[in-house]
file target-v5.cif (mmCIF, C-alpha atoms)
data_protein
loop_
_atom_site.label_atom_id
_atom_site.label_comp_id
_atom_site.auth_asym_id
_atom_site.auth_seq_id
_atom_site.Cartn_x
_atom_site.Cartn_y
_atom_site.Cartn_z
CA ARG A 141 8.87 4.01 22.52
CA GLU A 142 6.68 0.96 22.17
CA THR A 143 3.01 1.21 21.21
CA SER A 144 0.46 -0.31 23.55
CA ARG A 145 -1.58 -3.28 22.35
CA GLU A 146 -4.67 -1.10 22.23
CA GLY A 147 -2.82 1.60 20.31
CA ARG A 148 -1.59 -0.92 17.75
CA GLN A 149 -5.08 -2.37 17.33
CA ALA A 150 -6.50 1.10 16.77
CA ALA A 151 -3.78 1.93 14.24
CA VAL A 152 -4.33 -1.34 12.36
CA ALA A 153 -8.07 -0.70 12.29
CA ASP A 154 -7.46 2.80 10.93
CA VAL A 155 -5.15 1.51 8.18
CA ALA A 156 -7.62 -1.27 7.33
CA GLU A 157 -10.42 1.27 6.97
CA LYS A 158 -8.33 3.35 4.55
CA PHE A 159 -7.18 0.29 2.60
CA ASP A 160 -10.83 -0.86 2.34
CA VAL A 161 -11.70 2.45 0.67
CA VAL A 162 -8.79 2.22 -1.77
CA GLU A 163 -9.62 -1.43 -2.52
CA SER A 164 -13.20 -0.43 -3.37
CA VAL A 165 -11.94 2.31 -5.72
CA LEU A 166 -9.82 -0.27 -7.54
CA ALA A 167 -12.76 -2.70 -7.78
CA ASP A 168 -13.82 -1.26 -11.15
CA GLY A 169 -10.79 -2.90 -12.75
CA ARG A 170 -8.60 0.16 -13.14
CA ASP A 171 -4.86 -0.40 -13.14
CA TYR A 172 -4.02 2.75 -11.19
CA LEU A 173 -5.76 5.08 -8.75
CA VAL A 174 -6.46 7.70 -11.42
CA GLY A 175 -8.01 5.38 -14.00
CA ASN A 176 -5.34 3.85 -16.18
CA VAL A 177 -2.91 6.72 -15.80
CA PHE A 178 0.12 6.23 -13.56
CA SER A 179 0.41 9.12 -11.10
CA VAL A 180 2.12 10.25 -7.93
CA ALA A 181 -0.88 8.84 -6.03
CA ASP A 182 0.19 5.35 -7.12
CA VAL A 183 3.74 5.99 -5.91
CA HIS A 184 2.42 7.13 -2.54
CA LEU A 185 0.17 4.07 -2.23
CA TYR A 186 3.13 1.87 -3.19
CA VAL A 187 5.20 3.31 -0.34
CA ILE A 188 2.37 3.12 2.20
CA SER A 189 1.45 -0.43 1.18
CA SER A 190 5.09 -1.50 1.44
CA TRP A 191 4.89 -0.79 5.16
CA ALA A 192 2.17 -3.46 5.51
CA VAL A 193 4.74 -6.27 5.57
CA PRO A 194 7.11 -5.09 8.32
CA THR A 195 4.16 -3.91 10.42
CA LYS A 196 2.54 -7.35 10.01
CA ILE A 197 -0.67 -5.88 8.62
CA GLY A 198 -0.10 -7.59 5.28
CA LEU A 199 -2.05 -7.09 2.08
CA ASP A 200 -3.90 -10.42 1.92
CA LYS A 201 -7.23 -8.67 2.55
CA TRP A 202 -6.54 -6.15 -0.22
CA PRO A 203 -5.52 -8.04 -3.37
CA ARG A 204 -6.13 -5.06 -5.66
CA ILE A 205 -3.78 -2.89 -3.63
CA ALA A 206 -1.23 -5.71 -3.68
CA ALA A 207 -1.56 -5.97 -7.47
CA LEU A 208 -1.17 -2.21 -7.94
CA ALA A 209 1.88 -2.22 -5.66
CA ALA A 210 3.37 -5.06 -7.71
CA ARG A 211 2.80 -3.09 -10.94
CA VAL A 212 4.41 0.01 -9.49
CA GLY A 213 7.26 -1.98 -7.96
CA ALA A 214 8.02 -3.55 -11.35
CA ARG A 215 8.47 -0.18 -13.08
CA ALA A 216 12.08 0.37 -14.16
CA SER A 217 12.23 3.71 -12.37
CA VAL A 218 11.10 2.17 -9.08
CA VAL A 219 13.51 -0.74 -9.41
CA ALA A 220 16.33 1.73 -10.06
CA ALA A 221 15.33 3.99 -7.15
CA ARG A 222 15.13 1.04 -4.75
CA ALA A 223 18.55 -0.19 -5.92
CA ALA A 224 20.04 3.28 -5.48
CA GLU A 225 18.67 3.33 -1.90
CA GLY A 226 20.02 -0.15 -1.20
CA LEU A 227 16.54 -1.59 -0.77
CA SER A 228 15.79 -5.15 -1.79
CA GLY A 229 12.76 -6.49 -3.61
#
call {"tool": "encode", "arguments": {"input": "target-v5.cif", "output": "structure tokens"}}
result
Amino acid sequence: RETSREGRQAAVADVAEKFDVVESVLADGRDYLVGNVFSVADVHLYVISSWAVPTKIGLDKWPRIAALAARVGARASVVAARAAEGLSG
């Protein structure tokens, strides 16, 4: 089922609002959501933020989220898990 234009706009606005909050949390220079300690919250944000590309929301407005996602995505365990799932990048 296809989402209406209005529904998509509302969903994008909702995601943007949440990403704005996360971006502000990361504004203090921390590397991860819970200070400088890698946690399951970072993994969850990594997965959620990875959906920004195929949904055409992008992460250009949220460079701190993009940087955190890049750090998480570079972890050996994440690279291995993505390879095991047949996912690229």
call {"tool": "resolve_selection", "arguments": {"input": "target-v5.cif", "expression": "the PyMOL selection byres ((chain A and resi 194-209) around 8)", "output": "VMD selection string"}}
result
chain A and resid 152 159 to 160 162 to 163 166 to 167 171 to 172 182 185 to 186 189 to 193 210 to 213
call {"tool": "atom_distance", "arguments": {"input": "target-v5.cif", "atom1": "atom CA of A:Val161", "atom2": "atom CA of A:Ser144"}}
result
26.1 Å
call {"tool": "residues_around", "arguments": {"input": "target-v5.cif", "residues": "A:Ser228", "least_positions_apart": "2", "cutoff": "12 Å", "atoms": "all atoms listed in the file", "output": "number ranges by chain"}}
result
A: 190, 213, 218-226
call {"tool": "atom_distance", "arguments": {"input": "target-v5.cif", "atom1": "atom CA of A:Val183", "atom2": "atom CA of A:Gln149"}}
result
26.2 Å
call {"tool": "atom_distance", "arguments": {"input": "target-v5.cif", "atom1": "atom CA of A:Asn176", "atom2": "atom CA of A:Ala214"}}
result
16.0 Å
call {"tool": "decode", "arguments": {"input": "target-v5.cif", "residues": "stretch 185-197 of chain A", "atoms": "N, CA and C atoms", "output": "PDB file, in the first residue's frame"}}
result
ATOM      1  N   LEU A 185      20.183   3.346  16.844  1.00  0.00           N
ATOM      2  CA  LEU A 185      20.250   4.565  16.044  1.00  0.00           C
ATOM      3  C   LEU A 185      20.897   4.285  14.685  1.00  0.00           C
ATOM      4  N   TYR A 186      21.912   3.443  14.671  1.00  0.00           N
ATOM      5  CA  TYR A 186      22.562   3.062  13.413  1.00  0.00           C
ATOM      6  C   TYR A 186      21.538   2.449  12.449  1.00  0.00           C
ATOM      7  N   VAL A 187      20.736   1.533  12.930  1.00  0.00           N
ATOM      8  CA  VAL A 187      19.734   0.882  12.079  1.00  0.00           C
ATOM      9  C   VAL A 187      18.701   1.901  11.599  1.00  0.00           C
ATOM     10  N   ILE A 188      18.175   2.689  12.521  1.00  0.00           N
ATOM     11  CA  ILE A 188      17.156   3.684  12.162  1.00  0.00           C
ATOM     12  C   ILE A 188      17.720   4.688  11.163  1.00  0.00           C
ATOM     13  N   SER A 189      18.936   5.172  11.424  1.00  0.00           N
ATOM     14  CA  SER A 189      19.521   6.173  10.525  1.00  0.00           C
ATOM     15  C   SER A 189      19.833   5.578   9.155  1.00  0.00           C
ATOM     16  N   SER A 190      20.087   4.277   9.099  1.00  0.00           N
ATOM     17  CA  SER A 190      20.366   3.651   7.801  1.00  0.00           C
ATOM     18  C   SER A 190      19.136   3.668   6.897  1.00  0.00           C
ATOM     19  N   TRP A 191      17.972   3.795   7.465  1.00  0.00           N
ATOM     20  CA  TRP A 191      16.751   3.876   6.675  1.00  0.00           C
ATOM     21  C   TRP A 191      16.581   5.248   6.031  1.00  0.00           C
ATOM     22  N   ALA A 192      17.365   6.240   6.452  1.00  0.00           N
ATOM     23  CA  ALA A 192      17.236   7.602   5.925  1.00  0.00           C
ATOM     24  C   ALA A 192      17.575   7.683   4.444  1.00  0.00           C
ATOM     25  N   VAL A 193      18.472   6.820   3.974  1.00  0.00           N
ATOM     26  CA  VAL A 193      18.868   6.864   2.565  1.00  0.00           C
ATOM     27  C   VAL A 193      17.768   6.315   1.656  1.00  0.00           C
ATOM     28  N   PRO A 194      17.323   5.070   1.867  1.00  0.00           N
ATOM     29  CA  PRO A 194      16.297   4.555   0.946  1.00  0.00           C
ATOM     30  C   PRO A 194      14.954   5.292   1.038  1.00  0.00           C
ATOM     31  N   THR A 195      14.695   5.942   2.162  1.00  0.00           N
ATOM     32  CA  THR A 195      13.452   6.699   2.299  1.00  0.00           C
ATOM     33  C   THR A 195      13.596   8.126   1.783  1.00  0.00           C
ATOM     34  N   LYS A 196      14.809   8.468   1.350  1.00  0.00           N
ATOM     35  CA  LYS A 196      15.130   9.789   0.798  1.00  0.00           C
ATOM     36  C   LYS A 196      14.994  10.916   1.812  1.00  0.00           C
ATOM     37  N   ILE A 197      15.112  10.584   3.085  1.00  0.00           N
ATOM     38  CA  ILE A 197      15.164  11.618   4.125  1.00  0.00           C
ATOM     39  C   ILE A 197      16.592  12.144   4.201  1.00  0.00           C
TER      40      ILE A 197
END
